[in-house]
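Heads up: the structure comes next, in structure tokens.
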Amino acid sequence: MSEAARIGSGRREEAGVRRTSLAPQTEAGRLSHVDETSRLVFSRNRIGARQPRRSLARLVASAAAILLARPLSAAAPAVSPAERPTAYEQLVAPILRARCVECHGEAKRKGRLALHTWETFAKGGANGPAFVAGKTAESELLIRLKLPLAEEDHMPPRDEPQPAPAELALLERWIAAGASPTATVESLQLPADLIAAVARLPASRARATVATLDLAEVEKLRAPLAATVAALQQKFPGALSYESRSSAALHFTAAGLGRDFGDAELAQLLPLASQLVRLDLAATAITDRSGPVLARLTALRVLRAGFTAISDDTLPALAPLTALEAFSVNHTAVTDRGLAALKKLPALRELHLAGTAVSPDAARKSGLPVVASAAPEPLSPPSPTETPAPSSPNR
Amino acid sequence: MTPADRLLREYEHARLTAETRRHFLQKCSTGLGALFFSSLATRTSAATGRLGFSRPASSPLAPLPPQFAGRAKRVIYLHMAGAPSQLELFDYKPDLVRLDGKDCPASFLEGKRFAFISGVPKMLGPQFPFHQAGKSGTWMSDRLPFLERHIDDLAVIRSMRTDEFNHAPAQLMLHTGSPRLGAPSLGSWVTYGLGTENQNLPGFIVLVSGGKTPDGGKPLWGSGFLPSVYQGVQCRAKGDPVLFLSNPETVSRSERRRVLDAIGDLNREEHAAHGDPETLTRIAQYELAFRMQVSATDAMDLSRESAAIHARYGTKPGTESFANNCLLARRLAERGVRYIQLYHWGWDSHGVSEQTSLKNGFADLCREVDRPIAALIADLKERGLFDETLIVWGGEFGRTPMQENRNGQVQKWAGRDHHPGAFTIWLAGGGVKGGVSHGLTDDVGYNIVENPVELRDLQATIIRLLGFDHHYLTVPFQGLDQKITGVKPVKVVDDIIA
């Protein structure tokens, strides 16, 4: 095992697993990441990671284990510097996993480059190393990421989801700082919004599992809004939750609130603006008066507002929603006139207009990614074949 | 024994069990037990950070975030109870046309057990013509013309297999991971893991059609060793959506409220004394039922849908039908229900009657489900819900490439026997790669030759799409961290994940 890999293996207890968490298990047990075979790997705290058992024998044994294993004080052991979360594991690897490993991993090694382990990443591809420590301008990976989208060598290829600017910035900072597998997150002195961007990463497309930040890190990201989130969760039961246990991004759905949820209620979500990525307002009582509120929810990726009183008047207000990928205004009063405003949304890839007065013609001409409304199903099935298959006479 | 005696006895039993447990816990407040519990206390707040799953008992249905961002937020499972023939729908076997009416090779029969086939049966060719559909060129028969329009959204797995060849155990195996009673169903696991978005409706709802409850019965949506708050709630398309939900005629809603408050206080006292999580479940269930008196009636009321929608699904409010249940499924999905399970009985095409023959009863069933399923997909798409709703379709096992010959007799109607060795299911929607065919069976569709998918693989894949690694959706029970996928090796079907 190479030096880096050894450092990378932390206090691994599972044999034969390629990669595992960097930081030691703390009292909490922590979310670590997932390796390519998508087996979650985590080092087990001697007793910490297990649920209490029912049987008395187990209780006694566990209690004895506590006595033997750790001081009676509940304080977590100090984390030594070598065991702090590294920027590679916590920030760089998750980006590579989410954006690149599908083609540069264990299964596929396009350009003979595999980015799924530190060793293979450091080794580079057919044309040499993927990065040169400290030299951003000479690092193939950065060069390709920054090429214009139209260039054939651009990575990831044009049709694939592209890394967000924050992700690119993170990779750049890490390479500039020496591309070390052991540099800690702290040592890079990153602005919080860069770290937050990784927390919002979509799950890897190939494996749907994604490396995550240390739980303590997640808690830190959640901390500024934690009290607000808790209060709103009380107020709107079932409606507000984090996107995942490893993320600070928030989802809000008014599915259970219906018409009791209107403009005044929506305004109460404003403090969540920086973290609210998905908002389901379908069939609520919101109106065009909510336009200015929606305009400030700039982290939104998904907005559902079908079956509401939203009209063309609200659409221009959405221009600041530059991250918006999916937008539904089905069964609203939206018309052809409103479409123009939506062209300004750069990330939009799905627009639902069923049940509106928007004409198919205008939808097509707009060039917007309108999801085709299914043609009404005719009463008789389309051309059922009545020719019987060969079979013996008695059937 | 009079009912009163029985009640008293039951009470005495419950009191004694609680007593012994309380006794034990009190004893534990000193000594080794105390050490253990105090360490627990310092850990619980942090315990939410464990990879292994834990959920606070006090809010059993509150939404909890998955481990990683899920691709699907909810599941609509369309179970075709009785097991539809894959050889008449998705698994095209031209060789079987040639072999039709010929004796089944002995190698197929050696060491095999069948539900009804005996002696040497004849091979049975596909009863309907097949063609390639959609841009993906997916093979399918002509029996599902409406669904065909959405074929490029489907991931078809032709290499499903199971260990069970009788309906009830096979259905249990599919939905609970075990052929025996007592394990939680997938819907229970999912609501336990994720909670539900609508606190006025159950998180796990079951809708049954086809004139018969599936053979596996209510344990198919039981919560097993999970708290009973996670069991599926069966709703009806006709009459009261949930039995015994409305107040008795002379009881007003406010009176009901006062009764519930009083019972709630008693239950909280009980919980403070004995700490049984089932007591919390009871409080939660009473409260949910109270809220459901209003919300369930609204959610289940199909008359609120437009004529266009009814035309599209082929629904008739006030009847029990698969079409109605599909439309209800969409209404429930819209309202944030986490797991919506449909069962449609009748696919047990043995060929012992016209009803169970492939040419008649089976063809009718295809017609019955085809249009509503297509309508459901189209409807979800239009509402922007398709991408976040996982739809699963299939039966509990497959059917033999041989014609059934019950008691060694040649039957009048063409039918097929139960076959656990290969069958087809499809998935669509939330996180599923459309237009994909996965797995391959041999030339007659008898054995799997490529990419076999076990039921536990399917379960793990569903759980994955919802944002969990199945290894860590666990609950401690009988000294083990139990999970639906059990202890055998599991392979998530990555090929069908978008």
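Letters A, B, ... go to the chains of the structure tokens in the order shown; residues in each chain start at 1; ligands are counted from 1 in the same order.
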Write out as a short mmCIF file (atom, residue, chain, number, x, y, z; two decimals) with C-alpha atoms, in the first residue's frame which residues come within 6 Å of A:Ala239 when counting only C-alpha atoms, dropping same-chain ones fewer than 6 positions away.
data_model
loop_
_atom_site.label_atom_id
_atom_site.label_comp_id
_atom_site.auth_asym_id
_atom_site.auth_seq_id
_atom_site.Cartn_x
_atom_site.Cartn_y
_atom_site.Cartn_z
CA PHE A 252 -39.91 22.08 1.23
CA THR A 253 -43.16 20.55 0.11
CA ALA A 254 -46.62 21.90 0.76
CA GLU B 197 -44.45 14.39 3.74
#
Within 7 Å of stretch 345-349 of chain A, counting only C-alpha atoms, which residues show up once you throw out same-chain ones fewer than 6 positions away? Write them as a short mmCIF file (atom, residue, chain, number, x, y, z; two decimals) with all heavy atoms, in the first residue's frame, please.
data_model
loop_
_atom_site.label_atom_id
_atom_site.label_comp_id
_atom_site.auth_asym_id
_atom_site.auth_seq_id
_atom_site.Cartn_x
_atom_site.Cartn_y
_atom_site.Cartn_z
N ALA A 319 -36.22 35.55 -12.91
CA ALA A 319 -34.92 35.67 -13.56
C ALA A 319 -33.73 35.39 -12.65
O ALA A 319 -32.74 34.79 -13.09
CB ALA A 319 -34.80 37.05 -14.20
N LEU A 321 -33.35 33.15 -10.55
CA LEU A 321 -33.23 31.74 -10.17
C LEU A 321 -32.32 31.00 -11.15
O LEU A 321 -32.75 30.14 -11.91
CB LEU A 321 -34.60 31.06 -10.10
CG LEU A 321 -35.66 31.72 -9.23
CD1 LEU A 321 -36.85 30.79 -9.03
CD2 LEU A 321 -35.09 32.12 -7.87
N THR A 322 -31.06 31.32 -11.11
CA THR A 322 -30.13 30.81 -12.12
C THR A 322 -29.82 29.33 -11.97
O THR A 322 -29.23 28.73 -12.84
CB THR A 322 -28.82 31.60 -12.09
OG1 THR A 322 -28.37 31.62 -10.74
CG2 THR A 322 -29.02 33.02 -12.58
N ALA A 323 -30.19 28.75 -10.83
CA ALA A 323 -29.92 27.32 -10.65
C ALA A 323 -31.14 26.47 -10.99
O ALA A 323 -31.07 25.25 -10.95
CB ALA A 323 -29.49 27.05 -9.21
N LEU A 324 -32.24 27.11 -11.34
CA LEU A 324 -33.49 26.39 -11.52
C LEU A 324 -33.42 25.43 -12.70
O LEU A 324 -33.18 25.82 -13.83
CB LEU A 324 -34.64 27.37 -11.73
CG LEU A 324 -36.05 26.75 -11.60
CD1 LEU A 324 -36.30 26.28 -10.17
CD2 LEU A 324 -37.12 27.74 -12.02
N GLU A 325 -33.64 24.13 -12.41
CA GLU A 325 -33.56 23.11 -13.45
C GLU A 325 -34.93 22.62 -13.88
O GLU A 325 -35.13 22.28 -15.04
CB GLU A 325 -32.74 21.91 -12.94
CG GLU A 325 -31.28 22.25 -12.71
CD GLU A 325 -30.54 21.12 -11.99
OE1 GLU A 325 -31.11 20.03 -11.81
OE2 GLU A 325 -29.39 21.36 -11.58
N ALA A 326 -35.84 22.53 -12.96
CA ALA A 326 -37.18 22.02 -13.30
C ALA A 326 -38.23 22.95 -12.74
O ALA A 326 -38.18 23.33 -11.57
CB ALA A 326 -37.36 20.61 -12.74
N PRO A 369 -37.24 24.00 -22.86
CA PRO A 369 -37.32 22.54 -22.70
C PRO A 369 -38.69 22.11 -22.18
O PRO A 369 -38.82 21.60 -21.07
CB PRO A 369 -36.22 22.23 -21.69
CG PRO A 369 -36.08 23.48 -20.89
CD PRO A 369 -36.41 24.63 -21.80
#
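Near B:Gly119, within a cut-off of 9 Å and counting only C-alpha atoms, sit the residues Leu109, Ile117, Pro121, Asn405, Asn407 and Gly408 of chain B, with same-chain residues fewer than 2 positions away left out.
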key: Filtered DSSP result for stretch 166-349 of chain A, state strand (DSSP E), as a ChimeraX atom specification   = /A:240-242,250-253,276-280,302-304,326-328
For the residues selected in the previous step, produce a file with N, CA, C and O atoms as an mmCIF file, in the first residue's frame.
data_model
loop_
_atom_site.group_PDB
_atom_site.id
_atom_site.type_symbol
_atom_site.label_atom_id
_atom_site.label_comp_id
_atom_site.auth_asym_id
_atom_site.auth_seq_id
_atom_site.Cartn_x
_atom_site.Cartn_y
_atom_site.Cartn_z
ATOM 1 N N LEU A 240 -40.742 20.281 5.698
ATOM 2 C CA LEU A 240 -39.370 20.758 5.497
ATOM 3 C C LEU A 240 -38.376 19.704 5.940
ATOM 4 O O LEU A 240 -38.442 19.215 7.068
ATOM 5 N N SER A 241 -37.457 19.344 5.034
ATOM 6 C CA SER A 241 -36.423 18.401 5.456
ATOM 7 C C SER A 241 -35.144 18.639 4.657
ATOM 8 O O SER A 241 -35.170 19.258 3.601
ATOM 9 N N TYR A 242 -34.056 18.150 5.194
ATOM 10 C CA TYR A 242 -32.785 18.247 4.479
ATOM 11 C C TYR A 242 -32.796 17.268 3.320
ATOM 12 O O TYR A 242 -33.433 16.219 3.370
ATOM 13 N N LEU A 250 -32.010 22.113 1.519
ATOM 14 C CA LEU A 250 -33.338 21.883 2.080
ATOM 15 C C LEU A 250 -34.383 21.649 0.997
ATOM 16 O O LEU A 250 -34.306 22.225 -0.097
ATOM 17 N N HIS A 251 -35.352 20.795 1.333
ATOM 18 C CA HIS A 251 -36.527 20.581 0.486
ATOM 19 C C HIS A 251 -37.752 21.032 1.267
ATOM 20 O O HIS A 251 -37.880 20.726 2.447
ATOM 21 N N PHE A 252 -38.635 21.746 0.586
ATOM 22 C CA PHE A 252 -39.906 22.078 1.233
ATOM 23 C C PHE A 252 -41.031 21.628 0.330
ATOM 24 O O PHE A 252 -41.040 21.901 -0.862
ATOM 25 N N THR A 253 -42.002 20.912 0.899
ATOM 26 C CA THR A 253 -43.164 20.547 0.106
ATOM 27 C C THR A 253 -44.435 20.900 0.851
ATOM 28 O O THR A 253 -44.583 20.588 2.028
ATOM 29 N N LEU A 276 -32.421 26.467 0.280
ATOM 30 C CA LEU A 276 -33.630 25.816 -0.211
ATOM 31 C C LEU A 276 -33.476 25.464 -1.692
ATOM 32 O O LEU A 276 -33.432 26.345 -2.544
ATOM 33 N N VAL A 277 -33.373 24.164 -2.001
ATOM 34 C CA VAL A 277 -33.126 23.774 -3.383
ATOM 35 C C VAL A 277 -34.361 23.208 -4.073
ATOM 36 O O VAL A 277 -34.417 23.129 -5.285
ATOM 37 N N ARG A 278 -35.338 22.789 -3.291
ATOM 38 C CA ARG A 278 -36.528 22.218 -3.919
ATOM 39 C C ARG A 278 -37.762 22.729 -3.191
ATOM 40 O O ARG A 278 -37.837 22.664 -1.974
ATOM 41 N N LEU A 279 -38.719 23.235 -3.969
ATOM 42 C CA LEU A 279 -39.897 23.839 -3.365
ATOM 43 C C LEU A 279 -41.128 23.369 -4.125
ATOM 44 O O LEU A 279 -41.268 23.611 -5.325
ATOM 45 N N ASP A 280 -42.002 22.673 -3.416
ATOM 46 C CA ASP A 280 -43.219 22.159 -4.044
ATOM 47 C C ASP A 280 -44.419 22.927 -3.524
ATOM 48 O O ASP A 280 -44.818 22.774 -2.373
ATOM 49 N N VAL A 302 -35.540 22.994 -8.124
ATOM 50 C CA VAL A 302 -36.843 22.503 -8.556
ATOM 51 C C VAL A 302 -37.932 23.380 -7.936
ATOM 52 O O VAL A 302 -37.921 23.617 -6.726
ATOM 53 N N LEU A 303 -38.835 23.847 -8.784
ATOM 54 C CA LEU A 303 -39.956 24.645 -8.285
ATOM 55 C C LEU A 303 -41.233 24.115 -8.919
ATOM 56 O O LEU A 303 -41.376 24.092 -10.142
ATOM 57 N N ARG A 304 -42.147 23.661 -8.105
ATOM 58 C CA ARG A 304 -43.429 23.177 -8.612
ATOM 59 C C ARG A 304 -44.519 24.128 -8.163
ATOM 60 O O ARG A 304 -44.672 24.377 -6.979
ATOM 61 N N ALA A 326 -35.842 22.534 -12.956
ATOM 62 C CA ALA A 326 -37.176 22.019 -13.304
ATOM 63 C C ALA A 326 -38.233 22.951 -12.743
ATOM 64 O O ALA A 326 -38.176 23.329 -11.567
ATOM 65 N N PHE A 327 -39.186 23.310 -13.582
ATOM 66 C CA PHE A 327 -40.200 24.283 -13.190
ATOM 67 C C PHE A 327 -41.554 23.804 -13.718
ATOM 68 O O PHE A 327 -41.698 23.540 -14.910
ATOM 69 N N SER A 328 -42.513 23.637 -12.825
ATOM 70 C CA SER A 328 -43.856 23.249 -13.274
ATOM 71 C C SER A 328 -44.849 24.358 -12.983
ATOM 72 O O SER A 328 -44.955 24.816 -11.854
#
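Using only C-alpha atoms, the contacts of A:Leu168 at a cut-off of 12 Å, with sequence neighbours closer than 4 positions omitted, comprise A:Leu91, A:Val92, A:Ile95, A:Leu96, A:Arg99, A:Thr136, A:Leu141, A:Leu142, A:Ile143, A:Arg144, A:Leu145, A:Lys146, A:Met155, A:Pro156, A:Gln162, A:Pro163, A:Ala164, A:Glu172, A:Arg173, A:Trp174, A:Ile175, A:Leu194, A:Ile195, A:Ala197, A:Val198.
Of the residues listed (B:Gly216, B:Pro184, B:Pro248, B:Pro129), B:Pro129 shows the shortest atom-to-atom separation from chain A; distances use only C-alpha atoms.
Using only C-alpha atoms, the smallest distance between any of B:Pro214, B:Pro66, B:Gly351, B:Pro452 and B:Arg406 comes from B:Gly351.
Residues in contact range of stretch 62-65 of chain B, defined as at most 7 Å between only C-alpha atoms, with sequence neighbours fewer than 5 positions away removed, read Gly238, Ser241, Tyr242, Glu243, Ser244 and Arg245 of chain A; Gly193, Leu194, Gly195, Thr196 and Glu197 of chain B.
The closest residue to B:Gly125, picked from B:Trp413, B:Trp139, B:Phe108, B:Tyr92 and counting only C-alpha atoms, is B:Tyr92.
Surrounding stretch 226-232 of chain A within 10 Å are Glu219, Lys220, Leu221, Arg222, Ala223, Pro224, Gln234, Lys235, Phe236, Pro237, Gly238, Ala239, Leu240, Ser241, Tyr242, Ala248, Leu250, Gln268, Leu269, Pro271 and Leu272 of chain A, with only C-alpha atoms counted and residues fewer than 2 positions along the same chain left out.
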In terms of only C-alpha atoms, the residue from A:Glu217, A:Glu167, A:Glu265, A:Glu151 at minimal distance from chain B is A:Glu217
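When only C-alpha atoms are used to compute distances to B:Asn360, the closest of the residues B:Thr474, B:Gln127, B:Gln293, B:Ser306 turns out to be B:Gln127.
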